[in-house]
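Below is one structure; the comments refer to it alone.
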Amino acid sequence: MKIRSRLIASALASLLATTAGAATPNPAHTRAYIDHAWSTLTRHMADCSAFGMGPGDTQRVVYLPHRLPMPADLPRIAQTCHVEVRRLPRSIRELGSLDAATLPVQGLLYLPHPYVVPGGFFNEMYGWDSYFIMLGLVADHHEALARDMVDNALFEVAHYGGVLNANRSYYLSRSQPPFLSAMMSALLHAPASFRNAADRRAWLAKAYPLAVRNYEVWTRPGHLAGKTGLARYFDYGHGPVLEAHDASYYIGVIRWLQAHPSRDPGYLIKAPQHPDAAEAARLKTTSCDVTRSTVCMDAWYGGDRLRADYYLGDRAMRESGFDTDFHFGPFGGSTHHYAPVGLNSLLYRYARDLHDFAVELGKSADARRWAQAADARKAAIDKYLWQPASGRYMDYDFVDHRPSGDPYLTMFYPLWAKAASPAQAQALVRQLPLFEKRGGLAMSTRVTGAQWDAPFGWAPTNWLATKGLANYGFDADARRIATKFTATIDRSFATDGTIREKYNMVLGNADVKITAGYTQNVVGFGWTNGVYLKLHQLLDDTAKDVATKPTNSHAK
């Protein structure tokens with residue numbers, strides 16, 4: 001294996017040397033990079049690669065679940081890797097039941113198996129990234145590592161309260177878009193993931209109750225979108241996020257709102273820079289606790305601080321994965337006010353998957369319950385999110401009781417989840433020109449400067465939309481978009497020899513200039529690698545079908 005790795009690395013180095021500056025897109029070169037990237041992005045505790053410091057870490061420490069027996073090799077690994085092993089102070093049944101701010105230091109949360117990280121400074125296992133990464137691993141015949149990823153996610157449910165944003169202590173208050181059942185389904189449909197049928201069934205029997213527990217994360221009161229019967233994103237913490245090492249991000253938000261007062265939904269609150277005890281007590285309710293958080297204390301500019309409700313929205317925005325967007329308010333600060341199309345489509349699919357798992361395990365009562373749950377969510381999606389006049393799914397502001405007026409690419413998630421009727425799908429496909437550009441599908445129709453808005457496009461949302469189109473027989477559309485997005489990756493790779501986390505859909509390259517929120521375009525990149533492979537697989541699978549169908553007329 002080591003010899004093979006050296007040969008791949010040598011071939012990749014030669015490849016990059018010969019293509020540097022040539023700017024000639026070549027899918028074979030992109031594929032060679034991805035083949036090598038799986039090993040470079042894989043983290044093991046045994047070889048110390050998992051122990052890089054995260055943005056919110058305060059010490060090189062790994063936390064074990066409260067009652068987990070000490071893994072036999074961990075003390076030796078900790079000594080070799082110069083990392084301290086600590087235990088969480090109590091068992092965790094639900095997200096948010098342990099306030100990470102009360103821990104003496106912040107650090108890594110133990111996972112028992114190797115995992116693939118996104119890349120760049122992301123050196124931990126992320127919630128929704130992992131789905132798209134494992135799709136690529138299965139497509140590339142790395143089923144054992146894909147199974148490790150799913151088993152790690154199940155371990156998080158068992159010991160940390162749910163699939164986490166990522167395995168860092170400061171993420172114990174939130175999850176990410178719920179793809180666990182889809183990860184399980186992808187693994188179950190990859191025969192090489194299991195030794196035999198008995199192994200497969202035993203694994204599913206053990207995983208099923210954990211998948212159910214993770215679904216229940218989204219039916220707790222905090223995650224309910226009012227009385228709609230739908231879910232919302234929600235973080236159980238308060239104030240600035242613990243991973244913020246200083247207040248610069250929040251000061252940037254304040255400054256932007258001050259410069260655009262007409263676009264402030266009420267996030268700003270007048271307050272002193274140095275509050276006295278009485279003012280500090282008031283701010284604990286109206287903004288954040290300046291006595292507990294230096295980031296909160298420093299999050300002041302020009303006489304303003306941020307309201308407590310903004311911080312709730314900021315945390316929810318991070319759980320949504322769309323950090324940062326302006327679709328759910330400036331800087332995503334109203335995310336928790338919405339029942340999103342994307343989230344509720346994922347939960348519809350999750351309930352359908354649980355139904356299928358229950359049927360396979362012979363749990364007929366459970367199967368009926370999950371079918372009813374899926375039907376109820378679809379009815380609520382149709383009631384609150386489907387807009388028949390425009391032929392679109394739109395996110396619903398359940399606080400102000402109105403649909404969003406801002407089209408967002410997540411309107412195609414119901415096609416991936418198979419939650420749309422044929423008539424809804426037919427109407428929805430006519431919305432493609434809103435988003436389709438030279439490089440693929442942009443997130444929105446508005447240029448805001450935030451990375452999860454136009455003109456930027458991302459691998460996961462391009463995959464979900466493209467796969468959704470294929471699910472409903474719109475193969476020509478699916479092939480066209482798959483071709484555009486993979487070509488964008490190929491062009492970018494030919495230019496700089498890397499694969500990025502996001503791309504410019506108008507230009508069809510990695511020229512991404514962010515002016516609001518996070519500005520980096522990280523290299524690596526796990527989910528782009530996985531989606532690239534899946535899009536090529538889709539192109540191969542639909543080639544014969546498209547040849548017999550008329551050309552679709554929705555091209556941009």
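Here, A, B, ... name the chains of the structure tokens in the order displayed, residue numbers run from 1 inside each chain, and ligands are numbered from 1 in the same displayed order.
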
I want to know what sits within 7 Å of Phe435 (chain A), based on only C-alpha atoms, with residues of the same chain fewer than 4 positions away left out; could you give that as a short mmCIF file (atom, residue, chain, number, x, y, z; two decimals) with N, CA and C atoms, in the first residue's frame?
data_model
loop_
_atom_site.label_atom_id
_atom_site.label_comp_id
_atom_site.auth_asym_id
_atom_site.auth_seq_id
_atom_site.Cartn_x
_atom_site.Cartn_y
_atom_site.Cartn_z
N LEU A 441 -25.27 25.36 -11.74
CA LEU A 441 -26.39 26.00 -11.05
C LEU A 441 -25.89 26.89 -9.92
N ALA A 442 -26.23 28.18 -9.98
CA ALA A 442 -25.93 29.12 -8.91
C ALA A 442 -26.94 28.94 -7.78
N MET A 443 -26.57 29.38 -6.59
CA MET A 443 -27.42 29.18 -5.43
C MET A 443 -28.69 30.02 -5.47
N SER A 444 -28.60 31.23 -6.03
CA SER A 444 -29.73 32.14 -5.96
C SER A 444 -29.74 33.04 -7.18
N THR A 445 -30.63 33.99 -7.16
CA THR A 445 -30.73 34.96 -8.26
C THR A 445 -30.17 36.32 -7.87
#

- Task: Report as a PyMOL selection string: the residues of region 80-284 of chain A with a DSSP assignment of helix (DSSP H, G or I), based on the backbone of this structure.
- Result: chain A and resi 80-81+100-102+129-139+143-160+169-171+180-188+191-193+197-219+221-223+248-259+261-263+277-284

Show me a table, sorted first by chain and then by increasing residue number, of the residues of region 246-269 of chain A having an atom at most 9 Å from region 310-330 of chain A, each with its shortest atom pair and the distance in Å to one decimal, counting only C-alpha atoms and written as a tab-separated table.
residue	atom	partner	partner_atom	distance
A:Val253	CA	A:Pro330	CA	8.4
A:Leu257	CA	A:Pro330	CA	8.2
A:Arg263	CA	A:Pro330	CA	7.6
A:Asp264	CA	A:Pro330	CA	7.5
A:Pro265	CA	A:Gly329	CA	7.5
A:Gly266	CA	A:Tyr310	CA	8.6
A:Tyr267	CA	A:Tyr310	CA	5.6
A:Leu268	CA	A:Tyr310	CA	8.5

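Of the listed residues (A:Ala450, A:Ala478, A:Leu145, A:Ala373), A:Ala478 comes nearest to Phe412 (chain A); the distances count only C-alpha atoms.
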
Expressed in Å, the length from CA of Ser334 (chain A) to CA of Arg349 (chain A) is 25.2 Å

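Each of A:Ile489, A:Leu188, A:Leu385, A:Val290 was compared to Phe525 (chain A) using only C-alpha atoms, and A:Ile489 turns out to be the nearest.
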
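Excluding Val61 (chain A) itself and any same-chain residue fewer than 4 positions from it, the protein and nucleic acid residues within 7 Å of it, counting only C-alpha atoms, are A:Val83, A:Glu84, A:Val85, A:Arg86, A:Gly107, A:Leu108.
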
Produce a file of the selected residues containing N, CA and C atoms, as an mmCIF file, in the first residue's frame.
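For reference, result-v5.cif as written:
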data_model
loop_
_atom_site.group_PDB
_atom_site.id
_atom_site.type_symbol
_atom_site.label_atom_id
_atom_site.label_comp_id
_atom_site.auth_asym_id
_atom_site.auth_seq_id
_atom_site.Cartn_x
_atom_site.Cartn_y
_atom_site.Cartn_z
ATOM 1 N N VAL A 83 -1.150 14.630 22.793
ATOM 2 C CA VAL A 83 -2.499 15.134 22.985
ATOM 3 C C VAL A 83 -3.018 14.614 24.321
ATOM 4 N N GLU A 84 -3.774 15.439 25.022
ATOM 5 C CA GLU A 84 -4.329 15.063 26.315
ATOM 6 C C GLU A 84 -5.690 14.405 26.131
ATOM 7 N N VAL A 85 -5.929 13.318 26.846
ATOM 8 C CA VAL A 85 -7.223 12.650 26.820
ATOM 9 C C VAL A 85 -8.035 13.099 28.033
ATOM 10 N N ARG A 86 -9.240 13.595 27.764
ATOM 11 C CA ARG A 86 -10.160 13.978 28.839
ATOM 12 C C ARG A 86 -11.493 13.295 28.599
ATOM 13 N N GLY A 107 -11.889 21.141 22.380
ATOM 14 C CA GLY A 107 -11.023 20.257 21.618
ATOM 15 C C GLY A 107 -11.787 19.262 20.766
ATOM 16 N N LEU A 108 -11.067 18.235 20.318
ATOM 17 C CA LEU A 108 -11.607 17.210 19.425
ATOM 18 C C LEU A 108 -12.483 16.242 20.199
#

**Request:** Give the strand (DSSP E or B) residues of region 213-314 of chain A, as DSSP finds them on the backbone, and put them as a list in words.
**Result:** Leu224, Ala231, Leu268, Ile269, Lys270, Tyr301, Asp304, Arg305 and Leu306 of chain A

Selection export as a PDB file, in the first residue's frame, atoms kept: N, CA, C and O atoms:
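So again.pdb came out as:
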ATOM      1  N   LEU A 224     -38.837  22.786  15.810  1.00  0.00           N
ATOM      2  CA  LEU A 224     -40.149  22.881  15.166  1.00  0.00           C
ATOM      3  C   LEU A 224     -40.366  24.289  14.620  1.00  0.00           C
ATOM      4  O   LEU A 224     -40.100  25.282  15.298  1.00  0.00           O
ATOM      5  N   ALA A 231     -40.029  21.571  10.044  1.00  0.00           N
ATOM      6  CA  ALA A 231     -38.860  21.758  10.900  1.00  0.00           C
ATOM      7  C   ALA A 231     -38.097  23.009  10.490  1.00  0.00           C
ATOM      8  O   ALA A 231     -38.263  23.541   9.388  1.00  0.00           O
ATOM      9  N   LEU A 268     -29.607  45.171  15.051  1.00  0.00           N
ATOM     10  CA  LEU A 268     -28.754  46.047  15.847  1.00  0.00           C
ATOM     11  C   LEU A 268     -29.483  46.560  17.081  1.00  0.00           C
ATOM     12  O   LEU A 268     -30.693  46.793  17.058  1.00  0.00           O
ATOM     13  N   ILE A 269     -28.712  46.742  18.146  1.00  0.00           N
ATOM     14  CA  ILE A 269     -29.239  47.315  19.374  1.00  0.00           C
ATOM     15  C   ILE A 269     -28.215  48.302  19.913  1.00  0.00           C
ATOM     16  O   ILE A 269     -27.011  48.017  19.937  1.00  0.00           O
ATOM     17  N   LYS A 270     -28.669  49.482  20.310  1.00  0.00           N
ATOM     18  CA  LYS A 270     -27.771  50.471  20.876  1.00  0.00           C
ATOM     19  C   LYS A 270     -27.284  50.008  22.251  1.00  0.00           C
ATOM     20  O   LYS A 270     -28.079  49.582  23.094  1.00  0.00           O
ATOM     21  N   TYR A 301     -19.516  47.987  17.708  1.00  0.00           N
ATOM     22  CA  TYR A 301     -18.913  48.941  16.777  1.00  0.00           C
ATOM     23  C   TYR A 301     -19.845  50.148  16.627  1.00  0.00           C
ATOM     24  O   TYR A 301     -21.054  49.979  16.405  1.00  0.00           O
ATOM     25  N   ASP A 304     -23.217  50.198  18.502  1.00  0.00           N
ATOM     26  CA  ASP A 304     -24.183  49.107  18.312  1.00  0.00           C
ATOM     27  C   ASP A 304     -23.616  47.753  18.710  1.00  0.00           C
ATOM     28  O   ASP A 304     -22.419  47.482  18.568  1.00  0.00           O
ATOM     29  N   ARG A 305     -24.529  46.923  19.177  1.00  0.00           N
ATOM     30  CA  ARG A 305     -24.285  45.493  19.366  1.00  0.00           C
ATOM     31  C   ARG A 305     -25.353  44.718  18.592  1.00  0.00           C
ATOM     32  O   ARG A 305     -26.242  45.319  17.967  1.00  0.00           O
ATOM     33  N   LEU A 306     -25.266  43.405  18.641  1.00  0.00           N
ATOM     34  CA  LEU A 306     -26.226  42.546  17.938  1.00  0.00           C
ATOM     35  C   LEU A 306     -27.228  41.956  18.921  1.00  0.00           C
ATOM     36  O   LEU A 306     -26.868  41.565  20.038  1.00  0.00           O
TER      37      LEU A 306
END

For Gly162 (chain A), the closest of A:Leu111, A:Cys288, A:Ile499, A:Leu95 counting only C-alpha atoms is A:Leu95

- Point-to-point distance from CA of Lys378 (chain A) to CA of Val212 (chain A), Å rounded to tenths: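 These two atoms are separated by 18.7 Å.
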
Write out as JSON lines the residues of region 62-165 of chain A that have any atom within 7 Å of an atom of region 37-49 of chain A, one row each with the nearest atom pair and its distance in Å to one decimal, counting only C-alpha atoms, sorted by chain and then rising number.
{"residue": "A:Ile77", "atom": "CA", "partner": "A:Ala46", "partner_atom": "CA", "distance": 5.9}
{"residue": "A:Cys81", "atom": "CA", "partner": "A:Cys48", "partner_atom": "CA", "distance": 5.4}
{"residue": "A:Pro114", "atom": "CA", "partner": "A:His44", "partner_atom": "CA", "distance": 4.8}
{"residue": "A:Tyr115", "atom": "CA", "partner": "A:Arg43", "partner_atom": "CA", "distance": 5.4}
{"residue": "A:Val116", "atom": "CA", "partner": "A:Thr42", "partner_atom": "CA", "distance": 4.3}
{"residue": "A:Val117", "atom": "CA", "partner": "A:Leu41", "partner_atom": "CA", "distance": 5.5}
{"residue": "A:Gly119", "atom": "CA", "partner": "A:Leu41", "partner_atom": "CA", "distance": 6.3}

Okay, now the selection with N, CA, C and O atoms, as a PDB file, in the first residue's frame?
ATOM      1  N   ILE A  77      -1.486   6.246  21.789  1.00  0.00           N
ATOM      2  CA  ILE A  77      -1.632   7.234  20.720  1.00  0.00           C
ATOM      3  C   ILE A  77      -1.502   8.642  21.279  1.00  0.00           C
ATOM      4  O   ILE A  77      -0.819   9.504  20.702  1.00  0.00           O
ATOM      5  N   CYS A  81       1.221  11.300  20.096  1.00  0.00           N
ATOM      6  CA  CYS A  81       0.726  12.482  19.381  1.00  0.00           C
ATOM      7  C   CYS A  81       0.731  13.744  20.234  1.00  0.00           C
ATOM      8  O   CYS A  81       0.316  14.807  19.756  1.00  0.00           O
ATOM      9  N   PRO A 114     -11.386   5.802  11.105  1.00  0.00           N
ATOM     10  CA  PRO A 114     -10.853   6.840  10.207  1.00  0.00           C
ATOM     11  C   PRO A 114     -11.988   7.572   9.494  1.00  0.00           C
ATOM     12  O   PRO A 114     -13.099   7.053   9.352  1.00  0.00           O
ATOM     13  N   TYR A 115     -11.696   8.781   9.047  1.00  0.00           N
ATOM     14  CA  TYR A 115     -12.701   9.558   8.326  1.00  0.00           C
ATOM     15  C   TYR A 115     -12.017  10.505   7.351  1.00  0.00           C
ATOM     16  O   TYR A 115     -10.834  10.830   7.493  1.00  0.00           O
ATOM     17  N   VAL A 116     -12.797  10.940   6.353  1.00  0.00           N
ATOM     18  CA  VAL A 116     -12.306  11.863   5.337  1.00  0.00           C
ATOM     19  C   VAL A 116     -12.785  13.258   5.690  1.00  0.00           C
ATOM     20  O   VAL A 116     -13.974  13.457   5.960  1.00  0.00           O
ATOM     21  N   VAL A 117     -11.867  14.208   5.693  1.00  0.00           N
ATOM     22  CA  VAL A 117     -12.192  15.596   6.009  1.00  0.00           C
ATOM     23  C   VAL A 117     -12.389  16.374   4.709  1.00  0.00           C
ATOM     24  O   VAL A 117     -11.962  15.932   3.636  1.00  0.00           O
ATOM     25  N   GLY A 119     -10.992  19.298   3.694  1.00  0.00           N
ATOM     26  CA  GLY A 119      -9.743  19.817   3.149  1.00  0.00           C
ATOM     27  C   GLY A 119      -9.403  21.156   3.764  1.00  0.00           C
ATOM     28  O   GLY A 119     -10.165  21.717   4.557  1.00  0.00           O
TER      29      GLY A 119
END

Identify, on the basis of only C-alpha atoms, every residue whose closest approach to Thr102 (chain A) does not exceed 12 Å; exclude the query and any residue fewer than 2 positions from it along the same chain; express the result as a JSON list (two decimals) with all heavy atoms, in the first residue's frame.
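For reference, around.json as written:
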[["chain", "number", "residue", "atom", "x", "y", "z"],
["A", 88, "LEU", "N", -15.75, 13.71, 28.83],
["A", 88, "LEU", "CA", -16.86, 14.63, 29.00],
["A", 88, "LEU", "C", -17.47, 14.41, 30.38],
["A", 88, "LEU", "O", -17.50, 13.27, 30.87],
["A", 88, "LEU", "CB", -17.91, 14.42, 27.91],
["A", 88, "LEU", "CG", -17.45, 14.79, 26.49],
["A", 88, "LEU", "CD1", -18.49, 14.35, 25.47],
["A", 88, "LEU", "CD2", -17.19, 16.30, 26.37],
["A", 89, "PRO", "N", -17.95, 15.46, 31.03],
["A", 89, "PRO", "CA", -18.36, 15.34, 32.43],
["A", 89, "PRO", "C", -19.61, 14.51, 32.67],
["A", 89, "PRO", "O", -19.86, 14.07, 33.79],
["A", 89, "PRO", "CB", -18.57, 16.80, 32.86],
["A", 89, "PRO", "CG", -18.85, 17.54, 31.59],
["A", 89, "PRO", "CD", -18.03, 16.84, 30.54],
["A", 90, "ARG", "N", -20.42, 14.30, 31.64],
["A", 90, "ARG", "CA", -21.61, 13.46, 31.80],
["A", 90, "ARG", "C", -22.05, 12.92, 30.45],
["A", 90, "ARG", "O", -21.58, 13.38, 29.40],
["A", 90, "ARG", "CB", -22.76, 14.25, 32.44],
["A", 90, "ARG", "CG", -23.24, 15.44, 31.65],
["A", 90, "ARG", "CD", -24.43, 16.09, 32.37],
["A", 90, "ARG", "NE", -24.92, 17.26, 31.65],
["A", 90, "ARG", "CZ", -24.46, 18.48, 31.80],
["A", 90, "ARG", "NH1", -23.44, 18.69, 32.63],
["A", 90, "ARG", "NH2", -24.98, 19.49, 31.12],
["A", 96, "GLY", "N", -27.20, 19.85, 22.91],
["A", 96, "GLY", "CA", -27.41, 21.00, 23.77],
["A", 96, "GLY", "C", -27.56, 20.68, 25.24],
["A", 96, "GLY", "O", -27.61, 21.59, 26.07],
["A", 97, "SER", "N", -27.63, 19.40, 25.59],
["A", 97, "SER", "CA", -27.79, 19.07, 27.01],
["A", 97, "SER", "C", -26.50, 19.29, 27.80],
["A", 97, "SER", "O", -26.54, 19.43, 29.02],
["A", 97, "SER", "CB", -28.26, 17.61, 27.17],
["A", 97, "SER", "OG", -27.29, 16.71, 26.65],
["A", 98, "LEU", "N", -25.37, 19.37, 27.11],
["A", 98, "LEU", "CA", -24.11, 19.75, 27.74],
["A", 98, "LEU", "C", -23.67, 21.06, 27.11],
["A", 98, "LEU", "O", -23.47, 21.14, 25.89],
["A", 98, "LEU", "CB", -23.04, 18.68, 27.53],
["A", 98, "LEU", "CG", -21.63, 19.04, 27.99],
["A", 98, "LEU", "CD1", -21.60, 19.29, 29.49],
["A", 98, "LEU", "CD2", -20.63, 17.95, 27.61],
["A", 99, "ASP", "N", -23.54, 22.09, 27.92],
["A", 99, "ASP", "CA", -23.09, 23.39, 27.44],
["A", 99, "ASP", "C", -21.57, 23.35, 27.31],
["A", 99, "ASP", "O", -20.86, 23.30, 28.31],
["A", 99, "ASP", "CB", -23.52, 24.48, 28.41],
["A", 99, "ASP", "CG", -23.14, 25.88, 27.95],
["A", 99, "ASP", "OD1", -22.45, 26.00, 26.91],
["A", 99, "ASP", "OD2", -23.50, 26.85, 28.64],
["A", 100, "ALA", "N", -21.09, 23.36, 26.07],
["A", 100, "ALA", "CA", -19.65, 23.25, 25.85],
["A", 100, "ALA", "C", -18.88, 24.41, 26.46],
["A", 100, "ALA", "O", -17.68, 24.28, 26.74],
["A", 100, "ALA", "CB", -19.36, 23.16, 24.35],
["A", 104, "PRO", "N", -13.56, 23.00, 30.51],
["A", 104, "PRO", "CA", -12.35, 23.78, 30.81],
["A", 104, "PRO", "C", -11.56, 24.17, 29.58],
["A", 104, "PRO", "O", -10.93, 25.23, 29.55],
["A", 104, "PRO", "CB", -11.55, 22.86, 31.72],
["A", 104, "PRO", "CG", -12.07, 21.47, 31.43],
["A", 104, "PRO", "CD", -13.52, 21.65, 31.10],
["A", 105, "VAL", "N", -11.58, 23.33, 28.56],
["A", 105, "VAL", "CA", -10.92, 23.63, 27.29],
["A", 105, "VAL", "C", -11.80, 23.07, 26.17],
["A", 105, "VAL", "O", -12.64, 22.20, 26.39],
["A", 105, "VAL", "CB", -9.50, 23.00, 27.20],
["A", 105, "VAL", "CG1", -8.57, 23.60, 28.23],
["A", 105, "VAL", "CG2", -9.56, 21.48, 27.32],
["A", 106, "GLN", "N", -11.60, 23.59, 24.95],
["A", 106, "GLN", "CA", -12.31, 23.08, 23.79],
["A", 106, "GLN", "C", -11.35, 22.21, 22.97],
["A", 106, "GLN", "O", -10.15, 22.49, 22.90],
["A", 106, "GLN", "CB", -12.83, 24.22, 22.92],
["A", 106, "GLN", "CG", -13.77, 25.17, 23.64],
["A", 106, "GLN", "CD", -15.04, 24.50, 24.13],
["A", 106, "GLN", "OE1", -15.55, 23.58, 23.49],
["A", 106, "GLN", "NE2", -15.54, 24.95, 25.28],
["A", 169, "SER", "N", -15.77, 19.84, 20.36],
["A", 169, "SER", "CA", -16.61, 20.03, 21.54],
["A", 169, "SER", "C", -17.55, 21.22, 21.39],
["A", 169, "SER", "O", -18.68, 21.20, 21.89],
["A", 169, "SER", "CB", -15.73, 20.21, 22.78],
["A", 169, "SER", "OG", -14.82, 21.29, 22.62],
["A", 170, "TYR", "N", -17.12, 22.26, 20.68],
["A", 170, "TYR", "CA", -17.96, 23.46, 20.56],
["A", 170, "TYR", "C", -19.11, 23.28, 19.57],
["A", 170, "TYR", "O", -19.90, 24.20, 19.38],
["A", 170, "TYR", "CB", -17.12, 24.69, 20.19],
["A", 170, "TYR", "CG", -16.03, 24.44, 19.16],
["A", 170, "TYR", "CD1", -16.31, 24.45, 17.80],
["A", 170, "TYR", "CD2", -14.73, 24.20, 19.57],
["A", 170, "TYR", "CE1", -15.31, 24.23, 16.86],
["A", 170, "TYR", "CE2", -13.71, 23.98, 18.64],
["A", 170, "TYR", "CZ", -14.01, 23.99, 17.29],
["A", 170, "TYR", "OH", -13.01, 23.77, 16.37],
["A", 172, "LEU", "N", -21.32, 20.75, 20.09],
["A", 172, "LEU", "CA", -22.25, 19.87, 20.79],
["A", 172, "LEU", "C", -23.66, 20.44, 20.87],
["A", 172, "LEU", "O", -24.57, 19.76, 21.34],
["A", 172, "LEU", "CB", -21.73, 19.57, 22.20],
["A", 172, "LEU", "CG", -20.57, 18.58, 22.27],
["A", 172, "LEU", "CD1", -19.94, 18.58, 23.66],
["A", 172, "LEU", "CD2", -21.03, 17.17, 21.90],
["A", 237, "GLY", "N", -27.37, 26.71, 21.66],
["A", 237, "GLY", "CA", -26.53, 27.65, 22.38],
["A", 237, "GLY", "C", -27.05, 29.07, 22.27],
["A", 237, "GLY", "O", -28.07, 29.34, 21.63],
["A", 242, "LEU", "N", -18.86, 29.45, 19.89],
["A", 242, "LEU", "CA", -17.61, 29.21, 20.61],
["A", 242, "LEU", "C", -16.42, 29.08, 19.69],
["A", 242, "LEU", "O", -15.28, 29.32, 20.11],
["A", 242, "LEU", "CB", -17.74, 27.95, 21.48],
["A", 242, "LEU", "CG", -18.73, 28.03, 22.64],
["A", 242, "LEU", "CD1", -18.79, 26.68, 23.36],
["A", 242, "LEU", "CD2", -18.36, 29.14, 23.60],
["A", 292, "ARG", "N", -19.34, 36.52, 30.26],
["A", 292, "ARG", "CA", -18.97, 35.13, 30.02],
["A", 292, "ARG", "C", -18.12, 34.96, 28.76],
["A", 292, "ARG", "O", -17.37, 33.99, 28.65],
["A", 292, "ARG", "CB", -20.24, 34.29, 29.89],
["A", 292, "ARG", "CG", -20.03, 32.80, 29.84],
["A", 292, "ARG", "CD", -21.36, 32.09, 29.65],
["A", 292, "ARG", "NE", -21.23, 30.66, 29.78],
["A", 292, "ARG", "CZ", -22.18, 29.80, 29.50],
["A", 292, "ARG", "NH1", -23.36, 30.23, 29.07],
["A", 292, "ARG", "NH2", -21.99, 28.50, 29.64],
["A", 293, "SER", "N", -18.26, 35.87, 27.82],
["A", 293, "SER", "CA", -17.63, 35.71, 26.51],
["A", 293, "SER", "C", -16.89, 36.98, 26.12],
["A", 293, "SER", "O", -17.50, 38.06, 26.00],
["A", 293, "SER", "CB", -18.70, 35.38, 25.46],
["A", 293, "SER", "OG", -18.20, 35.54, 24.16]]

Min atom-atom distance to Lys484 (chain A) from the set A:Glu436, A:Asp366, A:Glu360, A:Asp35, counting only C-alpha atoms, belongs to A:Glu436

- Item | Who sits within 6 Å of region 529-537 of chain A, only C-alpha atoms, same chain under 4 positions skipped, as a list in words | Ile34, Phe132, Ile133, Leu135, Gly136, Ala459 and Ala482 of chain A

query = With distances taken over only C-alpha atoms, which of A:Pro55, A:Ser345, A:Ile92, A:Tyr250 is nearest to Pro178 (chain A)?
reply =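 Distance minimum relative to Pro178 (chain A) lands on A:Ser345.
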
Pro25 (chain A) proximity check over A:Arg491, A:His260, A:Lys513, A:His142, using only C-alpha atoms: winner is A:Arg491
